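Colleague: My questions will all concern the structure given below.
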2 protein chains.
Amino acid sequence: MELKTLGEFNFIQSIESGTIYDTSTLVCGIGDDCAIYKATKAYDQLVSTDTMVEGVHFSFHYMSPYDVGYRLMTANLSDIAAMGGLPRQVVLSVAAPGHIDTQILNEIYKGIKDQCQKYRVNLIGGDTVSIDGPMVWTITIIGEVPSGKAVLRSGAKPGDVVGVTNYIGYAATGLGALSYNFNGYPMTIIGHQRPEPQIELGQLLRELGVHSMNDISDGLSSELNEIAKASQVSIVIDESLIPLHEETYKLAEALHTNPVDYALLGGEDFQLVFTAPKELSRELEELGAITLIGEVIEGNPIVQSVTKDKDIRLLEAKGYNHFHE
Amino acid sequence: MELKTLGEFNFIQSIESGTIYDTSTLVCGIGDDCAIYKATKAYDQLVSTDTMVEGVHFSFHYMSPYDVGYRLMTANLSDIAAMGGLPRQVVLSVAAPGHIDTQILNEIYKGIKDQCQKYRVNLIGGDTVSIDGPMVWTITIIGEVPSGKAVLRSGAKPGDVVGVTNYIGYAATGLGALSYNFNGYPMTIIGHQRPEPQIELGQLLRELGVHSMNDISDGLSSELNEIAKASQVSIVIDESLIPLHEETYKLAEALHTNPVDYALLGGEDFQLVFTAPKELSRELEELGAITLIGEVIEGNPIVQSVTKDKDIRLLEAKGYNHFHE
């Protein structure tokens, strides 16, 4: 059924069920001028907002509507993970053309709600409006972190080790395999379509006492530059230490590309990159999903890497810049 | 300069100044994965989100870009006012086409920031993305209210009086005058272009002990129906008591329309409508900006009015329904 046939109020009613997954912080959900929730005593509040535009941030070419919702929610959750926080509430705004099939909207919502349920986040409000143009989805997420303990990008100190979680370049590998229509990349294709935020690792890293942290949404190179710039330090990493999945090596071989570039330039892994006092190295490695790949030194806010041929190269902040020609 | 020439990062940098107006709740503003703020002890948190789409919710035909930003912010602040709350923080997402003149964006931001400053609200984060289509602006506002004291739509009780703040139908009068290109409507035209949220009155009404409250964004008729439905009560108002501005009478006379219809059906006044125990009547009227216009009775959740000819008519929930044919 088209959205304009169903109508705004009926549509909102149809998606109101299954939106509350943690009643401990909730006072009043969808249905009034505002939603009402409780902040936890002795916790700071975190907030972040992310917008995804059809045709710019997503298409249904390589992703199902369900995956689009899933990944939108992951992107928001990941911002909370990057502070070492716990996600709590989200509000959701969608602008959609009246002729859209509500089945597509329902699938996107299902992806969003399934991620909310997994991470026990309440969907407590939103706005649904019409647009004569592409769909626009905006999620604002609210989370918490013990007071004064949020991990910023600006906390890196000379002498810190640099670490990452799990595999990097994983989502870019899956996207590459999909775009070449290659078989044999099941893990990284799932990694591209349904990435997970590192909520639990983010909290563990915060509790261990890491100095700075970022989530990897724009490629490792760009994220490391953000830390270097915010902290006014220099960062050096060893490319041979970056944890790559075997499918990344396989794709790089098939396409005659440098496997490490998937990690440095490929976006949307939603893994974490952090710096931590060197004396935490053993505890970090005992977490299992952590790889140390470099260190922080005094100097200009730049990022350099040692290549596999033992050359040194400058890693630029080549993040995705909207509106850049 | 076009947005795509300036680039996303330069644009964000250009609008970062003048975003913090109350440092008492702020830990960390724009620039990290999340913004960080403090919740006030013994207060509940309020959140609401509003999206405005170019060509649907605004055009530059009757409003300047500055006014568009001003009113978008007012709409969000008004949702906090309707709960009797205090606004604290906002995050802002904008999707804009690359070819847009950044001067237009800057003017919209100026309208938003001026309202933030007036009500001491911090702009602590956002997202700026490109769209091949109309501009889409989404603001999420976070506010506070003493724990358990938020005024809901669902609290109306039989025996309550029904009241409104200031003039109703004011913005619709201004819009009408503009659309007919009439002279002599200076007050209501300003009311349409730069409406104010009733933050202070909302808090006073909450402190006095009103039972239910709504802000008037879709016309009095629609808002009263929301209260009746949420509270499962019947509401009766006297049309002759609705406070109308002299310009509303003047426009109605010029157009041979019923002046009260501007209040019942016209949107975006951002005044408050509430119900309160009858014994508060005198204290309410002593506030100065309050007019009592009816009462709550037991019965089906409907709204009826007594017309100036002493007829009774049913007031329908004719709010603006996006996607409605």
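To be explicit about the labels: the chains of the structure tokens are called A, B, and onward in the order shown, and within each one the residues are counted from 1, while ligands get numbers from 1 in the order they are shown.
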Which chain B residues are at most 8 Å from chain A (counting only C-alpha atoms), as a ChimeraX atom specification?
Modeller: /B:3-5,7-9,32-39,41,43-53,56,79-80,82-83,91-93,95,98,125-134,136,138,140,152-153,214-215,321-325
Colleague: With only C-alpha atoms as the counted atoms, please give the residues lying no more than 8 Å from Gln304 in chain A, apart from itself and same-chain residues fewer than 4 positions off, as a list in words.
Modeller: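 Answer for this query is Ile235, Val236, Ile237, Ile312, Arg313, Leu314 and Leu315 of chain A.
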Colleague: Can you write out the residues you just picked, keeping N, CA and C atoms, as a PDB file, in the first residue's frame?
Modeller:
```pdb
ATOM      1  N   ILE A 235      50.969  10.291  15.049  1.00  0.00           N
ATOM      2  CA  ILE A 235      50.681   8.859  15.177  1.00  0.00           C
ATOM      3  C   ILE A 235      51.441   8.098  14.096  1.00  0.00           C
ATOM      4  N   VAL A 236      52.050   6.994  14.487  1.00  0.00           N
ATOM      5  CA  VAL A 236      52.731   6.130  13.520  1.00  0.00           C
ATOM      6  C   VAL A 236      52.165   4.720  13.663  1.00  0.00           C
ATOM      7  N   ILE A 237      51.760   4.117  12.554  1.00  0.00           N
ATOM      8  CA  ILE A 237      51.276   2.736  12.625  1.00  0.00           C
ATOM      9  C   ILE A 237      52.087   1.849  11.676  1.00  0.00           C
ATOM     10  N   ILE A 312      58.081   4.719   4.618  1.00  0.00           N
ATOM     11  CA  ILE A 312      57.177   5.497   5.476  1.00  0.00           C
ATOM     12  C   ILE A 312      56.268   6.311   4.563  1.00  0.00           C
ATOM     13  N   ARG A 313      54.946   6.264   4.802  1.00  0.00           N
ATOM     14  CA  ARG A 313      54.066   7.136   4.012  1.00  0.00           C
ATOM     15  C   ARG A 313      53.125   7.916   4.922  1.00  0.00           C
ATOM     16  N   LEU A 314      52.738   9.089   4.400  1.00  0.00           N
ATOM     17  CA  LEU A 314      51.812   9.946   5.137  1.00  0.00           C
ATOM     18  C   LEU A 314      50.391   9.468   4.850  1.00  0.00           C
ATOM     19  N   LEU A 315      49.623   9.247   5.897  1.00  0.00           N
ATOM     20  CA  LEU A 315      48.213   8.864   5.703  1.00  0.00           C
ATOM     21  C   LEU A 315      47.350  10.111   5.819  1.00  0.00           C
TER      22      LEU A 315
END
```
Colleague: Point out the residue among B:Arg282, B:Arg194, B:Arg120, B:Lys308 with the least atom-to-atom distance to Ala75 in chain B, counting only C-alpha atoms.
Modeller: B:Arg194
Colleague: Determine, counting only C-alpha atoms, which protein, DNA and RNA residues have an atom within 8 Å of an atom of range 291-297 of chain A; residues of the same chain fewer than 2 positions away are not included. Present the result as a ChimeraX atom specification.
Modeller: /A:156-166,233-239,241-243,275,281,285,289,299
Colleague: Could you write those residues out with N, CA and C atoms, as a compact mmCIF listing (two decimals), in the first residue's frame?
Modeller:
```txt
# COMPACT_ATOMS: atom_id res chain seq x y z
N ALA A 156 44.64 11.48 23.40
CA ALA A 156 45.85 10.72 23.07
C ALA A 156 47.10 11.41 23.59
N LYS A 157 48.04 10.62 24.12
CA LYS A 157 49.27 11.18 24.70
C LYS A 157 50.49 10.49 24.11
N PRO A 158 51.57 11.24 23.88
CA PRO A 158 52.80 10.61 23.41
C PRO A 158 53.17 9.44 24.32
N GLY A 159 53.56 8.33 23.71
CA GLY A 159 53.86 7.13 24.48
C GLY A 159 52.73 6.12 24.45
N ASP A 160 51.51 6.58 24.09
CA ASP A 160 50.36 5.66 23.98
C ASP A 160 50.60 4.62 22.88
N VAL A 161 50.03 3.45 23.07
CA VAL A 161 49.92 2.49 21.97
C VAL A 161 48.60 2.78 21.23
N VAL A 162 48.55 2.37 19.95
CA VAL A 162 47.35 2.54 19.13
C VAL A 162 46.75 1.16 18.86
N GLY A 163 45.47 1.01 19.10
CA GLY A 163 44.84 -0.29 18.91
C GLY A 163 43.54 -0.20 18.13
N VAL A 164 43.15 -1.33 17.56
CA VAL A 164 41.86 -1.42 16.88
C VAL A 164 41.15 -2.70 17.33
N THR A 165 39.82 -2.72 17.10
CA THR A 165 39.03 -3.90 17.45
C THR A 165 38.77 -4.75 16.20
N ASN A 166 38.76 -6.05 16.36
CA ASN A 166 38.38 -6.99 15.30
C ASN A 166 39.12 -6.75 13.98
N VAL A 233 48.91 15.43 18.51
CA VAL A 233 50.01 14.47 18.60
C VAL A 233 50.24 13.87 17.22
N SER A 234 51.33 13.16 17.09
CA SER A 234 51.66 12.47 15.86
C SER A 234 51.42 10.98 16.08
N ILE A 235 50.97 10.29 15.05
CA ILE A 235 50.68 8.86 15.18
C ILE A 235 51.44 8.10 14.10
N VAL A 236 52.05 6.99 14.49
CA VAL A 236 52.73 6.13 13.52
C VAL A 236 52.17 4.72 13.66
N ILE A 237 51.76 4.12 12.55
CA ILE A 237 51.28 2.74 12.62
C ILE A 237 52.09 1.85 11.68
N ASP A 238 52.03 0.57 11.96
CA ASP A 238 52.71 -0.43 11.12
C ASP A 238 51.63 -1.14 10.30
N GLU A 239 51.63 -0.91 8.99
CA GLU A 239 50.55 -1.46 8.15
C GLU A 239 50.45 -2.98 8.25
N LEU A 241 50.63 -4.75 10.71
CA LEU A 241 49.95 -5.20 11.94
C LEU A 241 48.43 -5.03 11.86
N ILE A 242 47.94 -4.28 10.87
CA ILE A 242 46.49 -4.03 10.78
C ILE A 242 45.77 -5.36 10.56
N PRO A 243 44.81 -5.69 11.42
CA PRO A 243 44.14 -6.99 11.29
C PRO A 243 43.17 -7.01 10.11
N THR A 275 43.74 4.96 21.54
CA THR A 275 45.11 5.00 22.05
C THR A 275 45.03 4.77 23.55
N SER A 281 49.11 -2.60 27.58
CA SER A 281 49.21 -3.44 26.39
C SER A 281 48.77 -4.88 26.64
N GLU A 285 45.52 -6.82 25.02
CA GLU A 285 45.63 -7.98 24.15
C GLU A 285 44.89 -9.19 24.73
N ALA A 289 39.89 -9.39 21.17
CA ALA A 289 39.50 -8.80 19.89
C ALA A 289 40.32 -7.56 19.55
N GLY A 299 54.81 15.56 18.28
CA GLY A 299 55.06 16.11 16.94
C GLY A 299 53.81 16.71 16.33
```
Colleague: Using Å and a single decimal, report how far CA of Ile108 in chain A sits from CA of Phe11 in chain A.
Modeller: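 For CA of Phe11 in chain A relative to CA of Ile108 in chain A, the distance reads 13.4 Å.
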Colleague: Which is closer to Phe274 in chain A than all the others in A:Leu123, A:Met187, A:Leu224, A:Ala172, using only C-alpha atoms?
Modeller: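 Going through A:Leu123, A:Met187, A:Leu224, A:Ala172 one by one, the smallest distance to Phe274 in chain A is for A:Leu224.
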